[in-house]
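Engineer: Hey, dropping run-v7.txt in here, compact mmCIF, C-alpha atoms:
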# COMPACT_ATOMS: atom_id res chain seq x y z
CA MET A 1 -111.49 95.58 103.92
CA ILE A 2 -107.69 95.27 103.84
CA PHE A 3 -107.46 97.37 107.01
CA GLN A 4 -110.07 95.30 108.85
CA ARG A 5 -108.37 92.03 107.89
CA ALA A 6 -105.04 93.39 109.13
CA VAL A 7 -106.59 94.59 112.38
CA ARG A 8 -108.34 91.27 113.02
CA ARG A 9 -105.11 89.41 112.30
CA GLU A 10 -103.22 91.57 114.80
CA PHE A 11 -105.99 91.18 117.37
CA ALA A 12 -105.90 87.40 116.92
CA HIS A 13 -102.12 87.18 117.32
CA SER A 14 -102.17 89.38 120.41
CA THR A 15 -105.07 87.46 121.95
CA ALA A 16 -103.35 84.13 121.36
CA GLY A 17 -100.10 85.35 122.90
CA VAL A 18 -101.76 86.83 125.97
CA PHE A 19 -104.00 83.79 126.46
CA ILE A 20 -101.08 81.34 126.23
CA ALA A 21 -99.16 83.31 128.86
CA LEU A 22 -102.13 83.58 131.23
CA PHE A 23 -103.10 79.94 130.69
CA ALA A 24 -99.57 78.78 131.46
CA ILE A 25 -99.56 80.77 134.71
CA MET A 26 -102.95 79.36 135.71
CA VAL A 27 -101.98 75.76 134.92
CA THR A 28 -98.74 76.13 136.89
CA THR A 29 -100.46 77.49 140.00
CA GLN A 30 -103.22 74.86 139.86
CA LEU A 31 -100.66 72.09 139.33
CA ILE A 32 -98.67 73.24 142.37
CA ARG A 33 -101.84 73.28 144.48
CA LEU A 34 -102.94 69.81 143.33
CA LEU A 35 -99.46 68.34 143.84
CA ASN A 36 -99.48 69.77 147.35
CA GLU A 37 -102.85 68.09 148.01
CA ALA A 38 -101.51 64.83 146.58
CA ALA A 39 -98.44 65.04 148.83
CA GLN A 40 -100.71 65.50 151.86
CA GLY A 41 -102.84 62.53 150.84
CA ASP A 42 -105.97 64.56 150.03
CA VAL A 43 -105.85 63.72 146.31
CA ASP A 44 -104.86 60.53 144.54
CA PRO A 45 -101.66 61.25 142.55
CA GLY A 46 -103.22 59.52 139.54
CA ALA A 47 -106.09 62.02 139.59
CA VAL A 48 -103.97 65.17 139.36
CA VAL A 49 -104.13 65.38 135.55
CA ALA A 50 -107.92 64.92 135.43
CA LEU A 51 -108.54 67.50 138.17
CA LEU A 52 -106.15 69.90 136.44
CA GLY A 53 -108.18 69.56 133.25
CA PHE A 54 -111.44 70.31 135.05
CA ALA A 55 -109.90 73.35 136.76
CA SER A 56 -108.58 74.64 133.42
CA LEU A 57 -112.05 74.43 131.86
CA ASN A 58 -113.50 76.34 134.80
CA TYR A 59 -110.98 79.20 134.44
CA LEU A 60 -111.33 79.57 130.67
CA PRO A 61 -114.07 82.29 130.69
CA PRO A 62 -112.18 84.86 132.81
CA LEU A 63 -108.92 84.07 131.00
CA LEU A 64 -110.49 84.61 127.57
CA SER A 65 -112.16 87.83 128.75
CA LEU A 66 -108.90 89.23 130.09
CA SER A 67 -106.98 88.10 126.99
CA LEU A 68 -109.46 89.88 124.71
CA PHE A 69 -109.24 93.09 126.74
CA VAL A 70 -105.43 93.14 126.87
CA ALA A 71 -105.04 92.19 123.19
CA ILE A 72 -107.21 95.06 121.95
CA LEU A 73 -105.48 97.41 124.35
CA LEU A 74 -101.99 96.41 123.17
CA SER A 75 -102.85 96.49 119.46
CA ILE A 76 -104.38 99.98 119.45
CA SER A 77 -101.68 101.29 121.80
CA ARG A 78 -99.07 100.12 119.29
CA SER A 79 -100.86 102.13 116.60
CA TYR A 80 -100.51 105.23 118.77
CA ARG A 81 -96.83 104.58 119.49
CA ASP A 82 -96.02 103.96 115.81
CA SER A 83 -97.90 107.14 114.80
CA GLU A 84 -100.39 105.12 112.74
CA MET A 85 -103.22 106.87 114.56
CA VAL A 86 -101.94 110.22 113.28
CA VAL A 87 -102.55 109.00 109.74
CA TRP A 88 -105.92 107.63 110.87
CA PHE A 89 -107.06 111.00 112.26
CA SER A 90 -105.56 112.92 109.34
CA ALA A 91 -107.73 110.89 106.98
CA GLY A 92 -110.78 112.29 108.76
CA LEU A 93 -111.60 109.11 110.69
CA SER A 94 -112.61 109.21 114.33
CA LEU A 95 -111.62 106.95 117.20
CA THR A 96 -115.16 105.58 117.19
CA ALA A 97 -114.46 104.01 113.78
CA TRP A 98 -112.56 101.30 115.72
CA VAL A 99 -115.80 100.10 117.30
CA ARG A 100 -116.89 98.05 114.29
CA PRO A 101 -113.66 96.04 113.77
CA VAL A 102 -113.34 95.51 117.53
CA LEU A 103 -116.90 94.20 117.84
CA THR A 104 -116.47 92.05 114.72
CA PHE A 105 -113.44 90.38 116.28
CA ALA A 106 -114.84 90.23 119.83
CA LEU A 107 -118.27 88.77 119.02
CA PRO A 108 -117.12 85.14 118.42
CA LEU A 109 -115.04 85.24 121.60
CA VAL A 110 -117.93 86.70 123.60
CA LEU A 111 -120.20 83.89 122.36
CA THR A 112 -117.51 81.36 123.28
CA ILE A 113 -117.21 82.86 126.77
CA ALA A 114 -121.01 82.68 127.13
CA ALA A 115 -121.03 79.00 126.18
CA LEU A 116 -118.16 78.25 128.55
CA SER A 117 -119.65 80.22 131.44
CA LEU A 118 -123.20 78.92 131.08
CA LEU A 119 -122.51 75.32 130.06
CA LEU A 120 -118.95 74.04 130.26
CA SER A 121 -117.69 75.58 133.53
CA PRO A 122 -120.57 74.21 135.67
CA TRP A 123 -120.08 70.81 134.05
CA ALA A 124 -116.35 70.90 134.83
CA LEU A 125 -117.02 71.80 138.47
CA SER A 126 -119.59 69.04 138.86
CA GLN A 127 -117.26 66.51 137.24
CA SER A 128 -114.43 67.61 139.53
CA ALA A 129 -116.62 67.19 142.62
CA GLU A 130 -117.85 63.80 141.40
CA TYR A 131 -114.31 62.69 140.62
CA ARG A 132 -113.10 63.70 144.08
CA GLY A 133 -116.10 61.89 145.59
CA LYS A 134 -115.35 58.69 143.70
CA LEU A 135 -111.73 58.82 144.81
CA SER A 136 -112.86 59.24 148.41
CA ASN A 137 -115.28 56.35 147.98
CA ARG A 138 -112.50 54.21 146.61
CA LYS A 139 -110.41 55.06 149.63
CA ASP A 140 -113.23 54.53 152.15
CA ALA A 141 -114.64 51.44 150.49
CA GLY A 142 -111.51 49.56 151.19
CA GLN A 143 -109.18 48.97 148.33
CA ILE A 144 -107.60 46.61 150.80
CA SER A 145 -103.84 46.16 150.71
CA PRO A 146 -102.50 43.54 153.10
CA GLY A 147 -100.00 44.68 155.69
CA THR A 148 -100.92 48.40 155.59
CA PHE A 149 -102.96 50.63 157.90
CA GLN A 150 -105.67 52.42 155.90
CA GLU A 151 -107.34 55.50 157.36
CA SER A 152 -110.77 56.71 156.23
CA SER A 153 -111.11 60.15 154.64
CA ALA A 154 -112.92 61.39 157.78
CA GLY A 155 -110.04 60.22 159.97
CA ASP A 156 -112.31 58.33 162.40
CA ARG A 157 -111.49 54.76 161.31
CA VAL A 158 -108.31 52.74 160.68
CA VAL A 159 -108.39 49.29 159.06
CA PHE A 160 -105.54 46.76 159.00
CA VAL A 161 -105.65 43.46 157.10
CA GLU A 162 -102.89 40.92 157.43
CA ALA A 163 -103.69 38.87 154.31
CA VAL A 164 -106.12 38.68 151.39
CA ALA A 165 -107.30 35.42 149.86
CA GLU A 166 -106.08 34.62 146.35
CA ASP A 167 -109.62 34.95 144.94
CA THR A 168 -110.11 38.20 146.98
CA SER A 169 -113.36 36.75 148.40
CA HIS A 170 -112.31 37.31 152.01
CA VAL A 171 -109.54 38.67 154.19
CA ARG A 172 -107.81 37.24 157.24
CA ASN A 173 -106.81 38.69 160.61
CA VAL A 174 -108.61 42.03 160.45
CA PHE A 175 -108.06 44.93 162.87
CA VAL A 176 -110.48 47.92 162.94
CA SER A 177 -110.07 50.97 165.20
CA GLU A 178 -113.02 53.37 165.39
CA THR A 179 -113.04 56.71 167.20
CA ALA A 180 -116.27 58.44 168.24
CA PRO A 181 -117.00 61.23 170.77
CA GLU A 182 -118.73 58.80 173.16
CA ARG A 183 -116.43 55.77 172.86
CA LEU A 184 -113.32 54.18 171.39
CA GLY A 185 -113.76 50.80 169.78
CA VAL A 186 -111.21 48.23 168.67
CA THR A 187 -112.48 45.24 166.68
CA MET A 188 -110.50 42.15 165.71
CA ALA A 189 -111.58 39.15 163.64
CA ARG A 190 -110.10 36.01 162.12
CA THR A 191 -111.84 36.53 158.75
CA GLY A 192 -114.01 39.09 156.97
CA HIS A 193 -115.46 40.13 153.63
CA GLN A 194 -117.19 43.12 152.00
CA GLU A 195 -120.91 43.46 151.29
CA THR A 196 -122.93 46.16 149.52
CA ALA A 197 -126.49 46.93 150.63
CA ALA A 198 -129.31 47.72 148.23
CA ASN A 199 -129.09 51.47 148.98
CA GLY A 200 -125.39 51.56 148.11
CA ASP A 201 -123.99 51.43 151.66
CA ARG A 202 -120.91 49.26 151.98
CA PHE A 203 -119.97 47.11 154.95
CA ILE A 204 -117.01 45.12 156.18
CA VAL A 205 -118.50 41.96 157.67
CA LEU A 206 -116.20 40.45 160.30
CA GLU A 207 -116.53 36.86 161.55
CA ASN A 208 -115.43 35.07 164.71
CA GLY A 209 -113.87 37.98 166.49
CA ARG A 210 -113.78 40.16 169.56
CA ARG A 211 -114.53 43.84 170.16
CA TYR A 212 -113.17 46.09 172.92
CA GLU A 213 -115.05 49.28 173.83
CA LEU A 214 -113.74 52.06 176.07
CA GLU A 215 -115.78 55.07 177.19
CA PRO A 216 -113.84 58.25 178.10
CA GLY A 217 -113.99 59.00 181.80
CA VAL A 218 -115.20 55.49 182.69
CA VAL A 219 -112.92 53.02 184.45
CA GLY A 220 -112.73 49.69 182.68
CA PHE A 221 -113.86 48.52 179.26
CA ARG A 222 -116.26 46.06 177.66
CA ILE A 223 -115.31 42.91 175.79
CA LEU A 224 -117.75 41.54 173.23
CA GLU A 225 -117.32 38.26 171.38
CA TYR A 226 -119.28 37.78 168.18
CA ALA A 227 -119.77 35.40 165.31
CA ARG A 228 -120.65 38.14 162.79
CA TYR A 229 -120.14 41.89 163.05
CA ALA A 230 -120.72 44.47 160.30
CA VAL A 231 -118.80 47.75 160.16
CA ARG A 232 -120.58 50.32 158.00
CA LEU A 233 -118.39 52.38 155.69
CA GLU A 234 -119.84 55.90 155.30
CA THR A 235 -119.27 56.58 151.60
CA ARG A 236 -120.22 59.66 149.65
CA GLU A 237 -121.48 57.34 146.95
CA ALA A 238 -124.28 56.26 149.28
CA ASP A 239 -125.17 59.82 150.22
CA GLY A 240 -124.71 61.16 146.69
CA ILE A 241 -122.51 64.01 145.58
CA LYS A 242 -123.92 67.23 146.98
CA GLN A 243 -124.42 69.83 144.29
CA THR A 244 -123.56 73.45 144.95
CA PRO A 245 -124.86 76.46 142.97
CA LYS A 246 -121.51 76.68 141.17
CA SER A 247 -121.71 73.10 139.89
CA MET A 248 -125.42 73.09 138.96
CA PRO A 249 -126.36 73.24 135.26
CA THR A 250 -127.70 76.61 134.15
CA LEU A 251 -131.05 75.14 133.11
CA GLU A 252 -131.54 73.89 136.67
CA LEU A 253 -130.63 77.30 138.09
CA LEU A 254 -133.19 79.22 136.02
CA PRO A 255 -136.39 78.13 137.85
CA LEU A 256 -134.81 78.51 141.32
CA ASN A 257 -135.65 81.89 142.81
CA LEU A 258 -133.48 81.67 145.94
CA PRO A 259 -130.84 84.42 146.40
CA ARG A 260 -127.76 82.17 146.27
CA TYR A 261 -128.90 80.56 143.02
CA ARG A 262 -129.75 83.95 141.51
CA ALA A 263 -126.28 85.20 142.51
CA GLU A 264 -124.58 82.32 140.70
CA LEU A 265 -126.71 82.91 137.61
CA LEU A 266 -125.78 86.60 137.75
CA TRP A 267 -122.08 85.71 137.64
CA ARG A 268 -122.50 83.36 134.67
CA VAL A 269 -124.49 85.92 132.69
CA GLY A 270 -122.09 88.69 133.69
CA MET A 271 -118.99 87.00 132.23
CA PRO A 272 -119.86 87.43 128.50
CA LEU A 273 -121.44 90.84 129.13
CA SER A 274 -118.32 92.11 130.88
CA ALA A 275 -116.13 90.71 128.08
CA ALA A 276 -118.08 92.73 125.47
CA VAL A 277 -118.01 95.91 127.56
CA LEU A 278 -114.28 95.54 128.29
CA ALA A 279 -113.55 95.10 124.58
CA LEU A 280 -115.21 98.48 123.92
CA LEU A 281 -113.53 100.14 126.90
CA ALA A 282 -110.14 99.04 125.58
CA ILE A 283 -110.51 101.41 122.59
CA PRO A 284 -110.39 104.73 124.52
CA LEU A 285 -108.16 103.27 127.25
CA SER A 286 -105.48 102.40 124.66
CA PHE A 287 -104.70 106.07 124.03
CA VAL A 288 -100.98 106.83 124.32
CA ASN A 289 -99.61 110.36 124.48
CA PRO A 290 -96.27 110.32 122.67
CA ARG A 291 -95.10 113.20 124.86
CA ALA A 292 -95.88 111.35 128.08
CA GLY A 293 -95.01 107.96 129.53
CA ARG A 294 -96.04 104.86 127.60
CA SER A 295 -97.27 102.90 130.64
CA ALA A 296 -99.82 105.38 131.99
CA ASN A 297 -102.65 104.00 129.85
CA MET A 298 -101.84 100.42 130.89
CA LEU A 299 -102.05 101.33 134.58
CA LEU A 300 -105.40 103.04 134.01
CA ALA A 301 -106.69 100.04 132.03
CA ILE A 302 -105.64 97.61 134.78
CA LEU A 303 -107.36 99.82 137.35
CA VAL A 304 -110.59 99.85 135.29
CA TYR A 305 -110.46 96.06 134.90
CA VAL A 306 -109.93 95.48 138.63
CA ILE A 307 -112.73 97.90 139.57
CA TYR A 308 -115.09 96.27 137.06
CA ASN A 309 -114.47 92.75 138.41
CA ASN A 310 -114.73 93.89 142.02
CA LEU A 311 -118.05 95.56 141.27
CA LEU A 312 -119.30 92.31 139.72
CA THR A 313 -118.26 90.42 142.85
CA ILE A 314 -119.94 93.00 145.10
CA SER A 315 -123.19 92.88 143.09
CA GLN A 316 -123.12 89.08 143.28
CA GLY A 317 -122.76 89.31 147.06
CA TRP A 318 -125.66 91.76 147.28
CA VAL A 319 -127.89 89.42 145.28
CA ALA A 320 -126.78 86.44 147.40
CA ASN A 321 -127.69 88.37 150.57
CA ASP A 322 -131.02 89.42 149.02
CA GLN A 323 -130.09 93.13 149.27
CA VAL A 324 -130.87 93.85 145.61
CA SER A 325 -132.94 92.06 143.01
CA PHE A 326 -131.46 89.89 140.28
CA ALA A 327 -132.39 92.35 137.51
CA ILE A 328 -130.73 95.28 139.30
CA GLY A 329 -127.67 93.18 140.06
CA VAL A 330 -127.27 92.23 136.40
CA LEU A 331 -127.83 95.69 134.91
CA MET A 332 -126.31 97.96 137.54
CA VAL A 333 -122.59 97.33 137.00
CA HIS A 334 -122.67 96.84 133.22
CA LEU A 335 -124.77 99.94 132.57
CA MET A 336 -122.50 101.99 134.81
CA MET A 337 -119.46 100.92 132.79
CA LEU A 338 -121.33 101.55 129.54
CA PHE A 339 -122.18 105.09 130.71
CA LEU A 340 -118.44 105.56 131.28
CA LEU A 341 -117.70 104.59 127.67
CA PRO A 342 -118.90 107.79 125.88
CA LEU A 343 -117.10 109.94 128.46
CA LEU A 344 -113.82 108.16 127.73
CA PHE A 345 -114.38 108.42 123.99
CA TYR A 346 -115.10 112.14 124.27
CA GLN A 347 -112.00 112.75 126.38
CA ARG A 348 -109.71 110.77 124.05
CA ILE A 349 -111.09 112.40 120.91
CA ALA A 350 -110.62 115.84 122.47
CA VAL A 351 -107.05 115.08 123.51
CA SER A 352 -106.22 113.63 120.08
CA SER A 353 -107.60 116.73 118.35
CA PHE A 354 -105.53 118.96 120.61
CA LEU A 355 -102.35 117.02 119.94
CA ARG A 356 -103.01 117.00 116.19
CA LEU A 357 -103.54 120.78 116.18
CA GLY A 358 -100.46 121.23 118.29
CA ARG A 359 -98.40 119.50 115.64
Please re-express this file's structure in structure tokens.

Structural biologist:
Amino acid sequence: MIFQRAVRREFAHSTAGVFIALFAIMVTTQLIRLLNEAAQGDVDPGAVVALLGFASLNYLPPLLSLSLFVAILLSISRSYRDSEMVVWFSAGLSLTAWVRPVLTFALPLVLTIAALSLLLSPWALSQSAEYRGKLSNRKDAGQISPGTFQESSAGDRVVFVEAVAEDTSHVRNVFVSETAPERLGVTMARTGHQETAANGDRFIVLENGRRYELEPGVVGFRILEYARYAVRLETREADGIKQTPKSMPTLELLPLNLPRYRAELLWRVGMPLSAAVLALLAIPLSFVNPRAGRSANMLLAILVYVIYNNLLTISQGWVANDQVSFAIGVLMVHLMMLFLLPLLFYQRIAVSSFLRLGR
């Protein structure tokens, strides 16, 4: 019991340290990307913190999985380097005796990764998409500032307002430039106001103005005078936020039998499964030969981790392209890595016995 408490405490400290380092790197890279989007005008600067939070929630499952793998690897490798494993083997205990304390520590984290992957990450992605959509709506719907040219998110419309009434009920001296493949239109009006239709579409209603229309390749232009002219603002709010497989709740994915939805479900299920398998693989991969270099096992462990994740991505692509079934895609990679586990254990136990006899 004392040994297991000490091991779990060391695992916890190592996991926390690795996770903090990885999380800091992820937050920094995401912050740089969002600040770059804000500088280019694609993201409202006030939304950077919220979008950073949603991105952090989305990346938590792979970060926790990698932190668990590296923490177990580092802790058992330290036992080899400090010759604690020599005492372990001399007491008649095998390397497989580490399986129980590793699984005891890993199980709560695996369940956490499952909850994050199946529930929280899709929610974070959907909230991020909805937040970006609302910001675009706010931009398109005309948060009108007098004296400034405001371009729509699609880049096909520019609105200029000279002044806004004190009660914000209407605007004065409005200029609207619209670009379309078949014509270029410039609309001017003395006054205008905003209206919202029953289906959510928003309009700028211009009054007592004039419109100029020019068709490419045609000499001359048309002049239209009007008493009332409505310019429709194409907002995402009216069309609704389009859901992708990544942002759909897991319960909505389950009844859908299309390949792209099955592929997304495969990835969500695969995250906790791969975390559990990697925790077990870290036990034999942590072997350190005191007579050899101390970094060889780390290079091998990194190679195994990269191969494992690439195989998961490949199986997801096969399921998305309907090349293999969902069941085969789920079981194929994880069973292959589990079949590798007894081979690694056998090799490490054999090497440890040889080194112990050699001493």

Engineer: If we count all atoms listed in the file, what is near Thr28 (chain A) at a cut-off of 12 Å, once residues fewer than 5 positions away on the same chain are taken out, given as a PDB file with C-alpha atoms, in the frame of the given file?

Structural biologist:
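This is the output file selection_26.pdb:
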ATOM      1  CA  ALA A  21     -99.160  83.310 128.860  1.00  0.00           C
ATOM      2  CA  LEU A  22    -102.130  83.580 131.230  1.00  0.00           C
ATOM      3  CA  PHE A  23    -103.100  79.940 130.690  1.00  0.00           C
ATOM      4  CA  ARG A  33    -101.840  73.280 144.480  1.00  0.00           C
ATOM      5  CA  LEU A  34    -102.940  69.810 143.330  1.00  0.00           C
ATOM      6  CA  LEU A  35     -99.460  68.340 143.840  1.00  0.00           C
ATOM      7  CA  LEU A  52    -106.150  69.900 136.440  1.00  0.00           C
ATOM      8  CA  ALA A  55    -109.900  73.350 136.760  1.00  0.00           C
ATOM      9  CA  SER A  56    -108.580  74.640 133.420  1.00  0.00           C
TER      10      SER A  56
END

Engineer: Counting all atoms listed in the file, which residues come within 12 Å of (-119.6, 71.7, 130.6), with the point read in the file's coordinates, and could you list them as an NGL selection string?

Structural biologist: :A and (53-58 or 60-61 or 114-128 or 246-250)

Engineer: Tell me, as a compact mmCIF listing (two decimals) with C-alpha atoms, in the frame of the given file, which residues lie within 9 Å of Gly270 (chain A), counting all atoms listed in the file; anything in the same chain fewer than 5 positions away does not count.

Structural biologist:
# COMPACT_ATOMS: atom_id res chain seq x y z
CA ALA A 114 -121.01 82.68 127.13
CA LEU A 265 -126.71 82.91 137.61
CA ALA A 275 -116.13 90.71 128.08
CA LEU A 312 -119.30 92.31 139.72
CA VAL A 330 -127.27 92.23 136.40
CA HIS A 334 -122.67 96.84 133.22

Engineer: How many Å lie between CA of Arg183 (chain A) and CA of Val43 (chain A), rounded to one decimal?

Structural biologist: 29.7 Å

Engineer: Distance CA of Val171 (chain A)-CA of Val159 (chain A), one decimal place?

Structural biologist: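 These two atoms are separated by 11.7 Å.
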
Engineer: Considering only C-alpha atoms, can you say which of A:Gln150, A:Ser94, A:Ser274, A:Thr196 comes closest to Met337 (chain A)?

Structural biologist: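 Closest to Met337 (chain A), using only C-alpha atoms: A:Ser274.
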
Engineer: What does the structure give for the distance between CA of Leu311 (chain A) and CA of Val333 (chain A), in Å to one decimal?

Structural biologist: 6.5 Å

Engineer: Excluding Tyr131 (chain A) and residues on its chain fewer than 5 positions from it, collect all residues at most 9 Å away from it, counting only C-alpha atoms, and give them as a PyMOL selection string.

Structural biologist: chain A and resi 47+50-51+126+136

Engineer: Find the residues near Arg210 (chain A): any atom within 9 Å, counting only C-alpha atoms, skip ones fewer than 6 places away on the same chain, and give them as a PyMOL selection string.

Structural biologist: chain A and resi 186-189+223-227

Engineer: Might you pull out every residue within 8 Å of region 67-84 of chain A, with all atoms listed in the file counted and same-chain residues fewer than 6 positions away left off, and present them as a ChimeraX atom specification?

Structural biologist: /A:10-12,14-16,18-19,22,102,106,109,275,278-279,282-283,285-290

Engineer: Between A:Ile25, A:Leu300, A:Ala180, A:Leu107, which one has atoms that come closest to Leu273 (chain A), using all atoms listed in the file?

Structural biologist: A:Leu107

Engineer: Find the axis-aligned box for region 9-20 of chain A, covering all its listed atoms and adding 4 Å on each side, and write its centre and edge lengths in Å to one decimal as AutoDock Vina command-line options.

Structural biologist:
--center_x -103.0 --center_y 86.5 --center_z 119.4 --size_x 13.9 --size_y 18.2 --size_z 22.2

Engineer: May I ask which of the residues A:Leu66, A:Val319, A:Leu214, A:Val48 is the closest one to Arg262 (chain A), counting all atoms listed in the file?

Structural biologist: A:Val319

Engineer: Could you pull out every residue with an atom within 6 Å of (-117.6, 37.6, 164.8), file coordinates, counting only C-alpha atoms, and send them as a PyMOL selection string?

Structural biologist: chain A and resi 206-209+226-229

Engineer: Go through A:Pro272, A:Met26, A:Gln194, A:Ile328 one by one, measure the shortest atom-to-atom distance of each to Pro108 (chain A) using only C-alpha atoms, and give the residue with the smallest value.

Structural biologist: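 Using only C-alpha atoms, the shortest distance to Pro108 (chain A) belongs to A:Pro272.
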
Engineer: Of the candidates A:Val277, A:Ala38, A:Ile314, A:Val306, which one gets nearest to Phe339 (chain A) if we count all atoms listed in the file?

Structural biologist: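 Selected residue with least distance to Phe339 (chain A): A:Val277.
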